[in-house]
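Shown next: my_file_25.tsv, containing TSV, C-alpha atoms.
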```
chain	number	residue	atom	x	y	z
A	27	MET	CA	66.24	82.18	108.82
A	28	GLY	CA	66.76	82.87	105.14
A	29	GLU	CA	66.00	80.71	102.15
A	30	LYS	CA	68.49	77.89	101.68
A	31	PRO	CA	70.94	78.40	98.80
A	32	THR	CA	70.76	76.00	95.89
A	33	ARG	CA	74.52	75.37	95.97
A	34	ARG	CA	76.96	74.98	98.82
A	35	ALA	CA	80.24	76.77	99.43
A	36	THR	CA	83.24	74.49	99.04
A	37	ARG	CA	85.39	76.33	101.59
A	38	SER	CA	84.79	75.36	105.19
A	39	GLY	CA	85.74	78.69	106.72
A	40	PRO	CA	85.78	82.40	105.97
A	41	ALA	CA	88.04	83.52	103.18
A	42	LYS	CA	91.10	85.53	104.06
A	43	SER	CA	91.39	88.88	102.34
A	44	SER	CA	94.43	90.64	101.01
A	45	GLY	CA	94.94	94.37	101.22
A	46	SER	CA	93.28	96.91	103.47
A	47	LEU	CA	89.75	95.91	104.36
A	48	THR	CA	88.67	99.52	104.45
A	49	SER	CA	90.07	100.35	101.03
A	50	PRO	CA	87.69	100.05	98.06
A	51	ASP	CA	90.31	98.65	95.70
A	52	HIS	CA	92.76	95.78	96.26
A	53	HIS	CA	94.85	96.99	93.32
A	54	GLY	CA	94.80	100.70	94.15
A	55	PRO	CA	97.78	103.00	94.74
A	56	ALA	CA	98.00	102.26	98.48
A	57	GLU	CA	98.37	98.54	97.79
A	58	ARG	CA	101.07	99.13	95.15
A	59	LEU	CA	102.95	101.51	97.43
A	60	ALA	CA	102.72	99.05	100.33
A	61	GLU	CA	104.27	96.39	98.10
A	62	GLU	CA	107.11	98.78	97.23
A	63	ALA	CA	107.65	99.61	100.91
A	64	ARG	CA	107.75	95.92	101.90
A	65	ALA	CA	110.46	95.22	99.35
A	66	LEU	CA	112.59	98.16	100.52
A	67	LEU	CA	112.15	97.26	104.20
A	68	ALA	CA	112.80	93.52	103.92
A	69	PRO	CA	116.55	93.80	104.80
A	70	TYR	CA	115.71	95.64	108.05
A	71	GLY	CA	112.78	93.58	109.35
A	72	HIS	CA	112.20	90.28	111.11
A	73	ARG	CA	109.20	87.97	111.34
A	74	ARG	CA	107.00	88.13	114.41
A	75	ASP	CA	103.81	86.34	115.41
A	76	PHE	CA	100.90	87.84	117.37
A	77	ARG	CA	98.08	85.88	118.95
A	78	SER	CA	94.45	86.84	118.45
A	79	GLY	CA	93.64	89.64	120.91
A	80	ASP	CA	97.25	90.79	121.33
A	81	LEU	CA	97.81	94.54	121.44
A	82	LEU	CA	100.57	95.67	119.09
A	83	TRP	CA	100.54	99.07	120.77
A	84	ARG	CA	98.22	101.37	122.70
A	85	GLU	CA	97.06	104.87	121.88
A	86	GLY	CA	99.64	107.24	123.38
A	87	ASP	CA	102.60	104.84	123.14
A	88	ASP	CA	105.73	106.45	121.75
A	89	ALA	CA	107.64	103.23	121.12
A	90	GLY	CA	106.36	100.82	118.54
A	91	MET	CA	107.08	99.17	115.24
A	92	LEU	CA	106.33	99.24	111.56
A	93	VAL	CA	104.19	96.23	110.66
A	94	ALA	CA	103.83	94.51	107.29
A	95	ILE	CA	101.16	91.80	107.58
A	96	GLU	CA	101.85	88.44	105.97
A	97	SER	CA	98.71	86.76	107.29
A	98	GLY	CA	95.89	87.68	109.63
A	99	ARG	CA	94.02	90.89	110.40
A	100	VAL	CA	94.58	93.88	112.69
A	101	LYS	CA	92.18	96.61	113.71
A	102	ILE	CA	93.19	100.17	114.50
A	103	TYR	CA	90.84	101.80	117.00
A	104	ARG	CA	90.42	104.75	119.35
A	105	VAL	CA	88.64	104.81	122.70
A	106	LEU	CA	86.26	107.77	123.04
A	107	PRO	CA	85.79	109.73	126.29
A	108	ASN	CA	82.55	107.79	126.91
A	109	GLY	CA	84.51	104.52	126.85
A	110	ASN	CA	83.28	103.32	123.46
A	111	ALA	CA	85.85	102.04	120.99
A	112	VAL	CA	85.68	103.25	117.37
A	113	THR	CA	87.40	101.22	114.64
A	114	VAL	CA	89.38	103.48	112.31
A	115	PHE	CA	91.06	100.96	109.99
A	116	LEU	CA	91.02	97.24	109.36
A	117	PHE	CA	94.29	95.92	107.95
A	118	GLY	CA	94.93	92.57	106.27
A	119	GLU	CA	97.53	90.64	104.34
A	120	GLY	CA	99.99	92.88	102.50
A	121	ASP	CA	99.26	96.07	104.44
A	122	VAL	CA	102.05	98.20	105.91
A	123	PHE	CA	101.25	100.45	108.86
A	124	GLY	CA	102.40	101.68	112.26
A	125	PHE	CA	105.12	104.02	111.03
A	126	MET	CA	103.48	107.43	111.46
A	127	PRO	CA	105.09	108.17	114.86
A	128	PHE	CA	108.46	107.44	113.29
A	129	LEU	CA	107.87	110.24	110.80
A	130	ASP	CA	106.47	112.97	113.08
A	131	GLY	CA	107.98	111.98	116.44
A	132	ARG	CA	104.59	111.97	118.19
A	133	PRO	CA	102.81	109.09	120.02
A	134	TYR	CA	100.46	106.66	118.35
A	135	PRO	CA	97.04	108.30	117.81
A	136	ALA	CA	95.22	104.95	118.05
A	137	SER	CA	95.62	101.41	119.37
A	138	ALA	CA	96.30	98.30	117.27
A	139	GLN	CA	94.94	94.85	118.12
A	140	ALA	CA	95.19	91.49	116.35
A	141	LEU	CA	91.76	90.21	115.36
A	142	GLU	CA	93.15	86.73	114.73
A	143	ASP	CA	96.57	85.10	114.77
A	144	VAL	CA	98.88	87.36	112.79
A	145	THR	CA	102.26	86.79	111.17
A	146	ALA	CA	104.08	89.94	110.10
A	147	MET	CA	107.39	91.45	109.20
A	148	VAL	CA	108.16	94.11	111.81
A	149	VAL	CA	110.78	96.84	111.88
A	150	SER	CA	111.71	98.53	115.16
A	151	ARG	CA	112.11	102.29	115.51
A	152	PRO	CA	115.95	102.15	115.67
A	153	ASP	CA	116.13	99.85	112.65
A	154	LEU	CA	113.73	102.05	110.68
A	155	VAL	CA	115.71	105.18	111.50
A	156	ALA	CA	118.84	103.35	110.33
A	157	ALA	CA	117.03	102.41	107.11
A	158	PHE	CA	116.05	106.06	106.54
A	159	ARG	CA	119.69	107.13	106.88
A	160	LYS	CA	121.04	104.38	104.69
A	161	ASP	CA	118.40	104.54	101.95
A	162	PRO	CA	116.25	107.70	101.60
A	163	GLU	CA	113.98	105.77	99.22
A	164	VAL	CA	112.59	103.93	102.26
A	165	ALA	CA	111.41	107.19	103.82
A	166	LEU	CA	110.02	108.44	100.51
A	167	ALA	CA	108.07	105.21	99.99
A	168	LEU	CA	106.46	105.51	103.43
A	169	VAL	CA	105.64	109.20	102.95
A	170	ARG	CA	103.96	108.37	99.63
A	171	LEU	CA	102.01	105.57	101.30
A	172	LEU	CA	100.93	107.86	104.14
A	173	ALA	CA	99.84	110.55	101.67
A	174	THR	CA	97.78	108.01	99.74
A	175	ARG	CA	96.11	106.82	102.95
A	176	LEU	CA	95.26	110.43	103.76
A	177	ARG	CA	93.62	110.83	100.36
A	178	GLN	CA	91.67	107.61	100.98
A	179	ALA	CA	90.48	109.06	104.29
A	180	PHE	CA	89.19	112.14	102.48
A	181	ASP	CA	87.46	109.86	99.97
A	182	ARG	CA	85.80	107.96	102.82
A	183	ILE	CA	84.53	111.21	104.32
A	184	GLU	CA	83.10	112.23	100.94
A	185	ARG	CA	81.48	108.82	100.41
A	186	SER	CA	79.95	108.93	103.89
A	187	SER	CA	77.94	112.00	102.84
A	188	VAL	CA	76.31	110.09	99.98
A	189	PRO	CA	72.96	108.51	100.95
A	190	GLU	CA	73.50	105.45	98.75
A	191	VAL	CA	75.69	103.10	100.81
A	192	LEU	CA	75.14	99.84	98.90
A	193	PRO	CA	78.29	100.24	96.72
A	194	ARG	CA	80.44	100.92	99.81
A	195	VAL	CA	79.11	97.88	101.64
A	196	ALA	CA	79.49	95.70	98.54
A	197	ALA	CA	83.08	96.92	98.12
A	198	ALA	CA	83.92	96.22	101.76
A	199	LEU	CA	82.49	92.70	101.52
A	200	ALA	CA	84.24	92.08	98.21
A	201	ASN	CA	87.51	93.11	99.86
A	202	LEU	CA	87.09	90.19	102.26
A	203	VAL	CA	87.48	87.83	99.29
A	204	PRO	CA	91.04	86.87	98.27
A	205	GLU	CA	92.37	88.41	95.07
A	206	ASP	CA	92.80	85.01	93.41
A	207	ALA	CA	89.39	83.65	94.40
A	208	PRO	CA	87.55	82.11	91.43
A	209	THR	CA	84.03	83.23	90.63
A	210	SER	CA	83.04	79.60	91.24
A	211	PRO	CA	82.95	77.59	93.50
A	212	LEU	CA	81.17	79.74	96.04
A	213	LEU	CA	82.94	81.35	98.96
A	214	VAL	CA	82.17	82.15	102.58
A	215	VAL	CA	83.23	85.48	104.09
A	216	GLU	CA	83.02	86.62	107.69
A	217	LEU	CA	83.10	90.13	109.11
A	218	PRO	CA	86.37	90.38	111.09
A	219	VAL	CA	84.78	92.55	113.80
A	220	ARG	CA	81.30	93.27	115.17
A	221	SER	CA	78.88	94.70	112.64
A	222	SER	CA	78.88	98.08	114.38
A	223	GLU	CA	82.68	98.28	114.19
A	224	PHE	CA	82.69	97.20	110.56
A	225	ALA	CA	80.12	99.86	109.74
A	226	ALA	CA	82.20	102.55	111.47
A	227	ALA	CA	85.33	101.44	109.62
A	228	ILE	CA	83.69	101.87	106.20
A	229	GLY	CA	81.89	105.07	107.17
A	230	VAL	CA	78.25	103.98	107.32
A	231	ALA	CA	75.68	103.75	110.11
A	232	PRO	CA	75.08	100.26	111.54
A	233	GLU	CA	71.45	100.28	110.41
A	234	SER	CA	72.56	101.29	106.89
A	235	LEU	CA	75.00	98.37	106.83
A	236	SER	CA	72.21	96.00	107.86
A	237	ARG	CA	69.84	97.31	105.16
A	238	ALA	CA	72.53	97.12	102.47
A	239	ILE	CA	73.39	93.52	103.37
A	240	THR	CA	69.68	92.64	103.27
A	241	ARG	CA	69.50	94.11	99.76
A	242	LEU	CA	72.53	92.06	98.71
A	243	VAL	CA	70.86	88.94	100.10
A	244	GLU	CA	67.57	89.72	98.35
A	245	SER	CA	69.37	90.35	95.05
A	246	GLY	CA	71.04	86.93	95.17
A	247	CYS	CA	74.61	88.10	95.77
A	248	LEU	CA	74.81	86.71	99.31
A	249	HIS	CA	73.21	84.15	101.57
A	250	ARG	CA	73.19	84.93	105.30
A	251	LEU	CA	74.66	81.99	107.24
A	252	ALA	CA	75.05	83.73	110.62
A	253	PRO	CA	74.98	87.33	111.91
A	254	ARG	CA	78.53	87.97	110.64
A	255	ARG	CA	78.97	85.14	108.15
A	256	TYR	CA	77.84	85.14	104.52
A	257	GLN	CA	77.99	82.80	101.57
A	258	VAL	CA	78.92	84.58	98.35
A	259	LEU	CA	76.47	83.29	95.75
A	260	ASP	CA	77.53	85.61	92.91
A	261	LEU	CA	80.98	87.15	93.30
A	262	GLU	CA	80.91	88.95	89.97
A	263	ALA	CA	77.57	90.58	90.77
A	264	LEU	CA	78.93	91.66	94.17
A	265	ARG	CA	81.96	93.23	92.49
A	266	ARG	CA	79.74	94.99	89.93
A	267	LYS	CA	77.69	96.53	92.72
A	268	ALA	CA	80.96	97.60	94.38
A	269	SER	CA	82.40	99.14	91.22
A	270	SER	CA	80.39	102.35	91.50
A	271	VAL	CA	82.19	103.21	94.76
A	272	ARG	CA	85.29	103.91	92.72
A	273	GLY	CA	83.59	106.22	90.27
```
Have the structure of the file written as structure tokens, please.
Amino acid sequence: MGEKPTRRATRSGPAKSSGSLTSPDHHGPAERLAEEARALLAPYGHRRDFRSGDLLWREGDDAGMLVAIESGRVKIYRVLPNGNAVTVFLFGEGDVFGFMPFLDGRPYPASAQALEDVTAMVVSRPDLVAAFRKDPEVALALVRLLATRLRQAFDRIERSSVPEVLPRVAAALANLVPEDAPTSPLLVVELPVRSSEFAAAIGVAPESLSRAITRLVESGCLHRLAPRRYQVLDLEALRRKASSVRG
């Protein structure tokens, strides 16, 4: 049990994020390219709802869909030979994903599962191929987005070799806060997956995640409400601690 905060959050539930939860910057190139891709794909897509726990596709499937999330969260994960699942990406509102097999003709390298109820624009393989033929800019936009994601993956690998993990954890928690959230009143955020999965997704060890969150609590940025639920006491301070992850 931690010390009670002096002020209470005015939101009753966890805040919904926008942009990739594993990206350190809501306004980075991947987010801008995803916005461009959504606009180009709008004439070819249709809205679809997924319930929490639904599988969008399984690793090895060769038929699937491009997904542009309007609300909700999706995790991308792989199952290791020992049966353990490893989270690779966590996607949220505004993200576009699921199109890689359409570009290289190979099966999905990982599974996708809704972490909560999800509403998304989806584009089927035939419709996406038709879009490529009709407007090459669609294909170029997705290739640029994929290339940017690859660069982000390299950045994550580089960051994972740095002993100091506090900025990465602060950035990941800050990314759970909506873009338009005010610095006051206070907010509540909740990890969308188990702590071990969240740690794997941002490239840190589970014990390092725990220590970093403890430091953020001790510094007055957060108050621990439950094992995966935190009250944001000082959003600006949290973002300042996250800023060094981009340097």
Atom-to-atom span, atom CA of Arg237 of chain A and atom CA of Phe117 of chain A, Å:
24.6 Å
To one decimal place in Å, what is the distance between atom CA of Val114 of chain A and atom CA of Ala140 of chain A?
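Separation between atom CA of Val114 of chain A and atom CA of Ala140 of chain A: 13.9 Å.
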Please tell me which residues are no farther than 6 Å from (78.3, 84.1, 93.3) in the file, counting all atoms listed in the file, and write them as a ChimeraX atom specification.
/A:212,247,258-261
Please produce a file of the residues just selected, as a short mmCIF file (atom, residue, chain, number, x, y, z; two decimals), in the coordinates of the input, where the atoms kept are C-alpha atoms.
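The resulting again.cif:
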```cif
data_model
loop_
_atom_site.label_atom_id
_atom_site.label_comp_id
_atom_site.auth_asym_id
_atom_site.auth_seq_id
_atom_site.Cartn_x
_atom_site.Cartn_y
_atom_site.Cartn_z
CA LEU A 212 81.17 79.74 96.04
CA CYS A 247 74.61 88.10 95.77
CA VAL A 258 78.92 84.58 98.35
CA LEU A 259 76.47 83.29 95.75
CA ASP A 260 77.53 85.61 92.91
CA LEU A 261 80.98 87.15 93.30
#
```
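For the atom pair formed by atom CA of Gly118 of chain A and atom CA of Ile228 of chain A, the distance is 14.6 Å, given to one decimal.
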Between A:Phe76, A:Trp83, A:Phe115, A:Phe123, single out the one closest to Leu171 of chain A, counting only C-alpha atoms.
A:Phe123
From A:Lys160, A:Arg84, A:Arg170, A:Lys101, residue lying nearest Leu67 of chain A [all atoms listed in the file]
A:Lys160
Centre, x/y/z edge lengths, axis-aligned box for segment 59-66 of chain A with 6 Å per side, as JSON:
```
{"center_x": 107.7, "center_y": 98.4, "center_z": 99.6, "size_x": 21.9, "size_y": 18.3, "size_z": 16.7}
```
Between A:Ala167, A:Pro218, A:Leu192, A:Gly109, which residue has the minimum interatomic distance to Arg241 of chain A, considering all atoms listed in the file?
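Result for the nearest residue to Arg241 of chain A: A:Leu192.
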For Ala60 of chain A, work out the shell of residues within 10 Å, counting all atoms listed in the file and skipping chain neighbours fewer than 2 positions away, then give it as a list of chain:residue names.
A:Gly45, A:Pro55, A:Ala56, A:Glu57, A:Arg58, A:Glu62, A:Ala63, A:Arg64, A:Ala65, A:Leu66, A:Ala94, A:Gly120, A:Asp121, A:Val122, A:Phe123, A:Ala167, A:Leu168, A:Arg170, A:Leu171, A:Leu172
Please output segment 110-121 of chain A, rebuilt to include all heavy atoms, as an mmCIF file, keeping the file's coordinate frame.
```cif
data_model
loop_
_atom_site.group_PDB
_atom_site.id
_atom_site.type_symbol
_atom_site.label_atom_id
_atom_site.label_comp_id
_atom_site.auth_asym_id
_atom_site.auth_seq_id
_atom_site.Cartn_x
_atom_site.Cartn_y
_atom_site.Cartn_z
ATOM 1 N N ASN A 110 83.543 104.123 124.659
ATOM 2 C CA ASN A 110 83.280 103.320 123.460
ATOM 3 C C ASN A 110 84.498 103.319 122.545
ATOM 4 O O ASN A 110 85.168 104.343 122.385
ATOM 5 C CB ASN A 110 82.076 103.864 122.696
ATOM 6 C CG ASN A 110 80.783 103.667 123.457
ATOM 7 O OD1 ASN A 110 80.663 102.744 124.259
ATOM 8 N ND2 ASN A 110 79.812 104.544 123.221
ATOM 9 N N ALA A 111 84.751 102.169 121.940
ATOM 10 C CA ALA A 111 85.850 102.040 120.990
ATOM 11 C C ALA A 111 85.328 102.225 119.568
ATOM 12 O O ALA A 111 84.282 101.676 119.210
ATOM 13 C CB ALA A 111 86.527 100.690 121.120
ATOM 14 N N VAL A 112 86.056 102.994 118.759
ATOM 15 C CA VAL A 112 85.680 103.250 117.370
ATOM 16 C C VAL A 112 86.783 102.706 116.467
ATOM 17 O O VAL A 112 87.950 103.095 116.597
ATOM 18 C CB VAL A 112 85.478 104.749 117.103
ATOM 19 C CG1 VAL A 112 85.181 104.990 115.629
ATOM 20 C CG2 VAL A 112 84.345 105.299 117.958
ATOM 21 N N THR A 113 86.431 101.778 115.579
ATOM 22 C CA THR A 113 87.400 101.220 114.640
ATOM 23 C C THR A 113 87.684 102.232 113.540
ATOM 24 O O THR A 113 86.766 102.747 112.903
ATOM 25 C CB THR A 113 86.876 99.908 114.033
ATOM 26 O OG1 THR A 113 86.653 98.961 115.085
ATOM 27 C CG2 THR A 113 87.881 99.329 113.049
ATOM 28 N N VAL A 114 88.959 102.495 113.311
ATOM 29 C CA VAL A 114 89.380 103.480 112.310
ATOM 30 C C VAL A 114 89.812 102.791 111.025
ATOM 31 O O VAL A 114 89.480 103.223 109.924
ATOM 32 C CB VAL A 114 90.521 104.356 112.863
ATOM 33 C CG1 VAL A 114 90.942 105.408 111.847
ATOM 34 C CG2 VAL A 114 90.115 105.017 114.179
ATOM 35 N N PHE A 115 90.593 101.727 111.143
ATOM 36 C CA PHE A 115 91.060 100.960 109.990
ATOM 37 C C PHE A 115 91.018 99.482 110.316
ATOM 38 O O PHE A 115 91.159 99.077 111.477
ATOM 39 C CB PHE A 115 92.513 101.336 109.624
ATOM 40 C CG PHE A 115 92.649 102.499 108.690
ATOM 41 C CD1 PHE A 115 93.009 103.738 109.176
ATOM 42 C CD2 PHE A 115 92.445 102.365 107.329
ATOM 43 C CE1 PHE A 115 93.148 104.826 108.326
ATOM 44 C CE2 PHE A 115 92.577 103.433 106.471
ATOM 45 C CZ PHE A 115 92.932 104.671 106.969
ATOM 46 N N LEU A 116 90.871 98.680 109.287
ATOM 47 C CA LEU A 116 91.020 97.240 109.360
ATOM 48 C C LEU A 116 92.090 96.846 108.354
ATOM 49 O O LEU A 116 91.922 97.066 107.149
ATOM 50 C CB LEU A 116 89.706 96.529 109.046
ATOM 51 C CG LEU A 116 88.536 96.815 109.995
ATOM 52 C CD1 LEU A 116 87.256 96.227 109.424
ATOM 53 C CD2 LEU A 116 88.815 96.251 111.368
ATOM 54 N N PHE A 117 93.189 96.275 108.828
ATOM 55 C CA PHE A 117 94.290 95.920 107.950
ATOM 56 C C PHE A 117 94.384 94.416 107.783
ATOM 57 O O PHE A 117 94.130 93.645 108.724
ATOM 58 C CB PHE A 117 95.617 96.449 108.499
ATOM 59 C CG PHE A 117 95.773 97.950 108.386
ATOM 60 C CD1 PHE A 117 95.976 98.720 109.518
ATOM 61 C CD2 PHE A 117 95.726 98.577 107.154
ATOM 62 C CE1 PHE A 117 96.131 100.100 109.420
ATOM 63 C CE2 PHE A 117 95.869 99.949 107.043
ATOM 64 C CZ PHE A 117 96.069 100.710 108.185
ATOM 65 N N GLY A 118 94.787 93.989 106.576
ATOM 66 C CA GLY A 118 94.930 92.570 106.270
ATOM 67 C C GLY A 118 96.237 92.286 105.567
ATOM 68 O O GLY A 118 97.153 93.118 105.529
ATOM 69 N N GLU A 119 96.311 91.112 104.996
ATOM 70 C CA GLU A 119 97.530 90.640 104.340
ATOM 71 C C GLU A 119 98.051 91.654 103.329
ATOM 72 O O GLU A 119 97.303 92.159 102.494
ATOM 73 C CB GLU A 119 97.236 89.304 103.644
ATOM 74 C CG GLU A 119 98.419 88.711 102.909
ATOM 75 C CD GLU A 119 98.045 87.425 102.185
ATOM 76 O OE1 GLU A 119 97.039 86.801 102.574
ATOM 77 O OE2 GLU A 119 98.757 87.077 101.231
ATOM 78 N N GLY A 120 99.344 91.961 103.432
ATOM 79 C CA GLY A 120 99.990 92.880 102.500
ATOM 80 C C GLY A 120 100.052 94.310 102.971
ATOM 81 O O GLY A 120 100.827 95.108 102.424
ATOM 82 N N ASP A 121 99.273 94.679 103.984
ATOM 83 C CA ASP A 121 99.260 96.070 104.440
ATOM 84 C C ASP A 121 100.498 96.405 105.261
ATOM 85 O O ASP A 121 101.037 95.558 105.985
ATOM 86 C CB ASP A 121 98.006 96.340 105.278
ATOM 87 C CG ASP A 121 96.783 96.611 104.425
ATOM 88 O OD1 ASP A 121 96.950 97.202 103.348
ATOM 89 O OD2 ASP A 121 95.677 96.229 104.830
#
```
